[in-house]
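Asks: Questions regarding the structure given below will be posed in turn.
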Amino acid sequence: MTSFLRKALGIFVEFEPNDLQQTGRPAGDTLAQKFPLSSVKPTISAEELDKFELHFSRLFESSNLPGPDYFEFWRMMETLEAHVPDEKARIGAVFATLSIQGLTKDKLLQTAAQYKGIVEKDRDEFDKAADDKAKQEIQGRVQQIAGLEKKIAENSQQIQQLTEEITTAQISMKELKSQVSEQEQKLANRRQGYDVACQAMVTKIQSDIQTIQTIL
């Protein structure tokens with residue numbers, strides 16, 4: 001599970017992925033359904049929404065528990081939505097179908113809570129991956145800037161002899177500062193997008209739990 005999460009989270013913390021298509025889907029990756037974050041209307045772009053839907057779908061596929069549970073319940077609910085728009089009727093029909101395979105209300109609620117826990121664990125993994133990426137992409141450049149600034153200050157006393165070196169260092173420092181600013185902004189955007197999508201996912205599951213408890 002940990003290796004899967006780190007690989008999946010790379011979609012969001014790698015800023016220049018070479019192995020992703022425009023939708024954020026790795027080549028050869030196929031999923032029957034994406035988890036419908038759009039149904040809870042998170043305030044992020046369509047491109048970010050697509051990436052996070054794919055991420056949570058792969059996460060749930062890899063974490064699918066044995067037998068019929070909340071995951072199968074959700075997939076049937078989404079499949080029937082166009083044919084049975086009334087949610088109450090759809091829940092009853094889906095539950096009746098899956099109950100034949102052994103699904104109970106208690107198991108449905110229990111597994112919904114388990115998937116919620118999986119999402120929350122995924123959020124912790126994402127935060128760790130984002131922090132590691134920050135150390136890798138930002139802190140090293142910040143240290144380079146500090147070193148260059150010190151070098152410029154020391155060489156200022158010998159400006160006649162070191163003009164060329166100082167000029168080169170200033171150009172490098174400007175480029176590094178630009179890179180730091182760009183990486184910080186990209187990381188902040190990814191973190192914000194993930195937090196919004198993750199909260200939407202938790203809200204969706206919590207809403208399903210409340211609806212199931214009320215209807216069944």
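Ligands are numbered from 1 in the order shown, residues from 1 within each chain, and chains are lettered A, B, ... in the order they appear in the structure tokens.
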Give me the residues within 12 Å of Gly102 (chain A) as a list in words, counting only C-alpha atoms and dropping any in the same chain fewer than 6 places off.
Replies: Pro66, Gly67, Pro68, Asp69, Phe95, Ala96 and Leu108 of chain A
Asks: Could you save the residues just selected, with C-alpha atoms, as a tab-separated table (two decimals), in the first residue's frame?
Replies:
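Wrote it out as out39.tsv, contents follow:
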chain	number	residue	atom	x	y	z
A	66	PRO	CA	-13.10	-8.59	-0.26
A	67	GLY	CA	-16.75	-9.08	-1.13
A	68	PRO	CA	-19.44	-6.44	-1.77
A	69	ASP	CA	-18.90	-3.28	0.27
A	95	PHE	CA	-28.64	-2.29	-1.66
A	96	ALA	CA	-31.22	-4.96	-2.54
A	108	LEU	CA	-21.90	-1.00	4.17
Asks: Could you tell me how far CA of Tyr70 (chain A) sits from CA of Ala112 (chain A), in Å to one decimal place?
Replies: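 Computed distance, CA of Ala112 (chain A) to CA of Tyr70 (chain A), equals 5.2 Å.
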Asks: If I take CA of Leu216 (chain A) and CA of Leu65 (chain A), how far is one from the other in Å, to one decimal?
Replies: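 Taking CA of Leu216 (chain A) and CA of Leu65 (chain A), their separation equals 21.6 Å.
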Asks: Do you know which residues are at most 10 Å from region 151-158 of chain A counting only C-alpha atoms, after dropping those on the same chain fewer than 6 positions away, and could you put them as a list in words?
Replies: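 Residues near the query, excluding close chain neighbours: Ile145, Glu165, Ile166, Thr167, Ala169 and Gln170 of chain A.
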Asks: Please produce a file of those selected residues containing C-alpha atoms, as a compact mmCIF listing (two decimals), in the first residue's frame.
Replies:
# COMPACT_ATOMS: atom_id res chain seq x y z
CA ILE A 145 21.38 31.43 -2.64
CA GLU A 165 32.90 36.01 -10.85
CA ILE A 166 30.50 38.33 -8.99
CA THR A 167 28.51 38.99 -12.14
CA ALA A 169 27.12 34.58 -9.27
CA GLN A 170 24.48 37.32 -9.42
Asks: Can you measure CA of Gly92 (chain A) to CA of Phe73 (chain A) for me? One decimal in Å is fine.
Replies: 10.8 Å
Asks: Which one of A:Gln206, A:Gln143, A:Gln114, A:Gln101 sits closest to Leu176 (chain A) if you count only C-alpha atoms?
Replies: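 Ranked by minimum distance to Leu176 (chain A), first place goes to A:Gln143.
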Asks: Quick one: everything within 10 Å of Ala93 (chain A), counting only C-alpha atoms, minus sequence neighbours fewer than 6 positions away in the same chain. Send it as number ranges by chain.
Replies: A: 76-77, 80, 84, 87, 99
